[in-house]
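*Asks:* Could you have a look at this structure, given as structure tokens, before my questions?
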Amino acid sequence: MNPILFDMIKTASLPELVPVRRHYPDTALADVEAAVARTMNASGLRIPKQDTIAVTVGSRGIANLPIIVAATVNWFKQQELAPFIVPAMGSHGGGTAEGQIRALRELGITEESTGCPIRSSMDVIQTGTLPEGF
């Protein structure tokens, strides 16, 4: 250690330390599935029966994500819809369809755990061109 720095540290006085405890309120949901159903019911969402609907799933650290996704899929099925999951992760999973399915699996999201198919694709479909050529 630098001798000058050592001399400075040796003579320095430290402020008094005080232990601090922080208490966080417990905001955990007792029944995640019921909370999802309540939220979906309150949304006013109306989709014609038998329609297909995409459920997007990301990878941003949401607590209870597998339960939330399965409950959402279940709610759509109860509405007589045909849900499927679309990975919505951008470059996670290496930016490949297979990698995104793997990332979902690592989060606990599978076709078996959710009861619906996962449709992962990085295919691009051009639907038009702007006058500037974009």
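To be explicit about the labels: the chains of the structure tokens are called A, B, and onward in the order shown, and within each one the residues are counted from 1, while ligands get numbers from 1 in the order they are shown.
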A:Ser120: which residues within 12 Å, counting only C-alpha atoms, same-chain residues fewer than 2 positions away excluded, as a list in words?

*Replies:*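 Final neighbour list, sorted by chain and number: Ala54, Val55, Thr56, Val57, Phe84, Ile85, Val86, Pro87, Ala88, Met89, Gly90, Gly93, Gly95, Thr96, Ala97, Glu98, Gly99, Gln100, Ile101, Arg102, Ala103, Leu104, Thr110, Glu111, Pro117, Ile118, Met122 and Asp123 of chain A.
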
*Asks:* Can you tell me, as JSON, numbers by chain, which residues in chain A count as helix (DSSP H, G or I) by DSSP?

*Replies:* {"A": [3, 4, 5, 6, 7, 8, 9, 10, 11, 32, 33, 34, 35, 36, 37, 38, 39, 40, 41, 42, 65, 66, 67, 68, 69, 70, 71, 72, 73, 74, 75, 76, 77, 78, 92, 93, 94, 95, 97, 98, 99, 100, 101, 102, 103, 104, 105, 106, 111, 112, 113, 114]}

*Asks:* Hey, what does DSSP flag as strand (DSSP E) within stretch 52-111 of chain A? Can you give it to me as a list of chain:residue names?

*Replies:*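 Selection result, strand (DSSP E) within stretch 52-111 of chain A: A:Thr52, A:Ile53, A:Ala54, A:Val55, A:Thr56, A:Val57, A:Ala82, A:Pro83, A:Phe84, A:Ile85, A:Val86, A:Pro87.
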
*Asks:* Go ahead and write the selection's residues with C-alpha atoms as a CSV table (one decimal), in the first residue's frame.

*Replies:*
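Output (part_16.csv):
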```csv
chain,number,residue,atom,x,y,z
A,52,THR,CA,-57.4,-17.6,-31.5
A,53,ILE,CA,-55.5,-15.3,-29.1
A,54,ALA,CA,-51.8,-14.8,-28.5
A,55,VAL,CA,-50.5,-14.5,-25.0
A,56,THR,CA,-47.2,-12.8,-25.0
A,57,VAL,CA,-44.6,-13.9,-22.4
A,82,ALA,CA,-58.0,-20.8,-28.4
A,83,PRO,CA,-54.9,-19.2,-26.7
A,84,PHE,CA,-51.3,-19.8,-27.7
A,85,ILE,CA,-48.1,-18.4,-26.3
A,86,VAL,CA,-45.7,-16.1,-28.2
A,87,PRO,CA,-42.2,-15.5,-26.6
```

*Asks:* Could you check how far atom CA of A:Ile68 sits from atom CA of A:Glu33, in Å to one decimal?

*Replies:*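 The value is 6.7 Å.
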
*Asks:* May I have a table of the residues of stretch 51-106 of chain A lying at most 12 Å from stretch 6-30 of chain A, giving each one's closest pair of atoms and their distance in Å to one decimal, counting only C-alpha atoms, ordered by chain and ascending residue number, as CSV?

*Replies:*
```
residue,atom,partner,partner_atom,distance
A:Ala63,CA,A:Ala28,CA,9.7
A:Asn64,CA,A:Leu29,CA,10.0
A:Ile67,CA,A:Leu29,CA,11.8
A:Ile68,CA,A:Leu29,CA,11.5
```

*Asks:* Restricting the calculation to only C-alpha atoms: of A:Val36, A:Leu81, A:Leu107, A:Leu45, which residue gets closest to A:Gly61?

*Replies:* A:Leu107

*Asks:* For a test of reading the model, state the distance in Å between atom CA of A:Ser113 and atom CA of A:Ala42, rounded to one decimal.

*Replies:*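 Atom CA of A:Ala42 lies at a distance of 25.1 Å from atom CA of A:Ser113.
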
*Asks:* Name the closest residue to A:Phe76 among the candidates A:Val32, A:Leu5, A:Val124, A:Met40; distances are taken between atoms, counting only C-alpha atoms.

*Replies:*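 With only C-alpha atoms as the atom set, the closest residue is A:Met40.
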
*Asks:* In Å, rounded to a single decimal, give me how far atom CA of A:Ala35 is from atom CA of A:Glu112.

*Replies:*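 The value is 22.0 Å.
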